[in-house]
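Working notes, beginning with the structure itself.
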Amino acid sequence: MANTTIDAPRGLSWGSLAAPFLAIGRFLVLIAEASPKVRQLERLNAQSDAQLAARGLTRDGEVRRILGISAAV
């Protein structure tokens, strides 16, 4: 029985090549999550439709209020 061993060259791997792009992506997500609008939307998502209705609000109306004109896109 014969055994074959293949040694791959050591050096840069796909993980090390992708690391800067992953770091940039994580940074952009952090910036987006720090937005006041995102925080308001998270609070809105934490409420039930019944809670909103008790206050005389609708989810759709609140999204439009929070996002303004960008909600129409």
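Labels for the structure tokens follow display order: chains A, B, ..., residues from 1 in each chain, ligands from 1.
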Self-check item: Non-local contacts of range 37-45 of chain A (7 Å; only C-alpha atoms; under 2 positions in same chain excluded) as a VMD selection string
Solution: chain A and resid 33 35 47 66 to 67
Keeping only all heavy atoms, take the residues you just selected and write them out as an mmCIF file, in the first residue's frame.
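out09.cif was written with the following content:
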```cif
data_model
loop_
_atom_site.group_PDB
_atom_site.id
_atom_site.type_symbol
_atom_site.label_atom_id
_atom_site.label_comp_id
_atom_site.auth_asym_id
_atom_site.auth_seq_id
_atom_site.Cartn_x
_atom_site.Cartn_y
_atom_site.Cartn_z
ATOM 1 N N GLU A 33 -25.682 50.441 13.304
ATOM 2 C CA GLU A 33 -26.450 50.140 14.514
ATOM 3 C C GLU A 33 -26.430 51.284 15.517
ATOM 4 O O GLU A 33 -27.281 51.354 16.390
ATOM 5 C CB GLU A 33 -25.921 48.861 15.158
ATOM 6 C CG GLU A 33 -26.282 47.620 14.370
ATOM 7 C CD GLU A 33 -25.707 46.351 14.960
ATOM 8 O OE1 GLU A 33 -24.801 46.439 15.825
ATOM 9 O OE2 GLU A 33 -26.161 45.279 14.545
ATOM 10 N N SER A 35 -26.988 54.323 14.783
ATOM 11 C CA SER A 35 -27.893 55.349 14.296
ATOM 12 C C SER A 35 -29.116 55.481 15.209
ATOM 13 O O SER A 35 -29.691 54.483 15.632
ATOM 14 C CB SER A 35 -28.348 54.995 12.879
ATOM 15 O OG SER A 35 -29.460 55.763 12.503
ATOM 16 N N GLN A 47 -42.205 46.224 20.606
ATOM 17 C CA GLN A 47 -43.595 46.390 21.017
ATOM 18 C C GLN A 47 -44.515 45.526 20.164
ATOM 19 O O GLN A 47 -44.256 45.314 18.978
ATOM 20 C CB GLN A 47 -44.011 47.857 20.886
ATOM 21 C CG GLN A 47 -43.246 48.781 21.795
ATOM 22 C CD GLN A 47 -43.676 50.222 21.636
ATOM 23 O OE1 GLN A 47 -44.596 50.541 20.897
ATOM 24 N NE2 GLN A 47 -42.986 51.117 22.328
ATOM 25 N N ILE A 66 -40.577 57.425 11.733
ATOM 26 C CA ILE A 66 -39.171 57.293 12.085
ATOM 27 C C ILE A 66 -38.269 57.521 10.881
ATOM 28 O O ILE A 66 -37.285 58.253 10.939
ATOM 29 C CB ILE A 66 -38.902 55.910 12.714
ATOM 30 C CG1 ILE A 66 -39.617 55.794 14.064
ATOM 31 C CG2 ILE A 66 -37.398 55.671 12.879
ATOM 32 C CD1 ILE A 66 -39.650 54.394 14.632
ATOM 33 N N LEU A 67 -38.609 56.882 9.755
ATOM 34 C CA LEU A 67 -37.728 56.941 8.590
ATOM 35 C C LEU A 67 -38.001 58.135 7.693
ATOM 36 O O LEU A 67 -37.159 58.473 6.845
ATOM 37 C CB LEU A 67 -37.850 55.648 7.788
ATOM 38 C CG LEU A 67 -37.374 54.386 8.495
ATOM 39 C CD1 LEU A 67 -37.569 53.181 7.588
ATOM 40 C CD2 LEU A 67 -35.930 54.513 8.922
#
```
Quiz prompt | Straight-line distance linking CA of Leu28 in chain A with CA of Arg65 in chain A, stated in Å to one decimal | solution =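 Result for CA of Leu28 in chain A versus CA of Arg65 in chain A: 24.6 Å, one decimal.
Summary of the local environment: counting only C-alpha atoms, residues at most 9 Å from Asp49 in chain A, other than itself and those fewer than 4 positions away along its chain, are Ala53, Ala54, Leu57, Thr58 and Arg59 of chain A.
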Quiz prompt | d(CA of Gly61 in chain A, CA of Ser48 in chain A) in Å | solution = 14.1 Å
Practice problem: Go ahead and compute the interatomic distance for CA of Ile24 in chain A and CA of Val63 in chain A, in Å to one decimal. | Solution: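 Straight-line distance from CA of Ile24 in chain A to CA of Val63 in chain A works out to 28.5 Å.
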Exercise. Please run DSSP on the backbone and report, as a VMD selection string, all residues within chain A that come out as alpha helix (DSSP H).
Key: chain A and resid 14 to 33 36 to 46 49 to 54 59 to 67
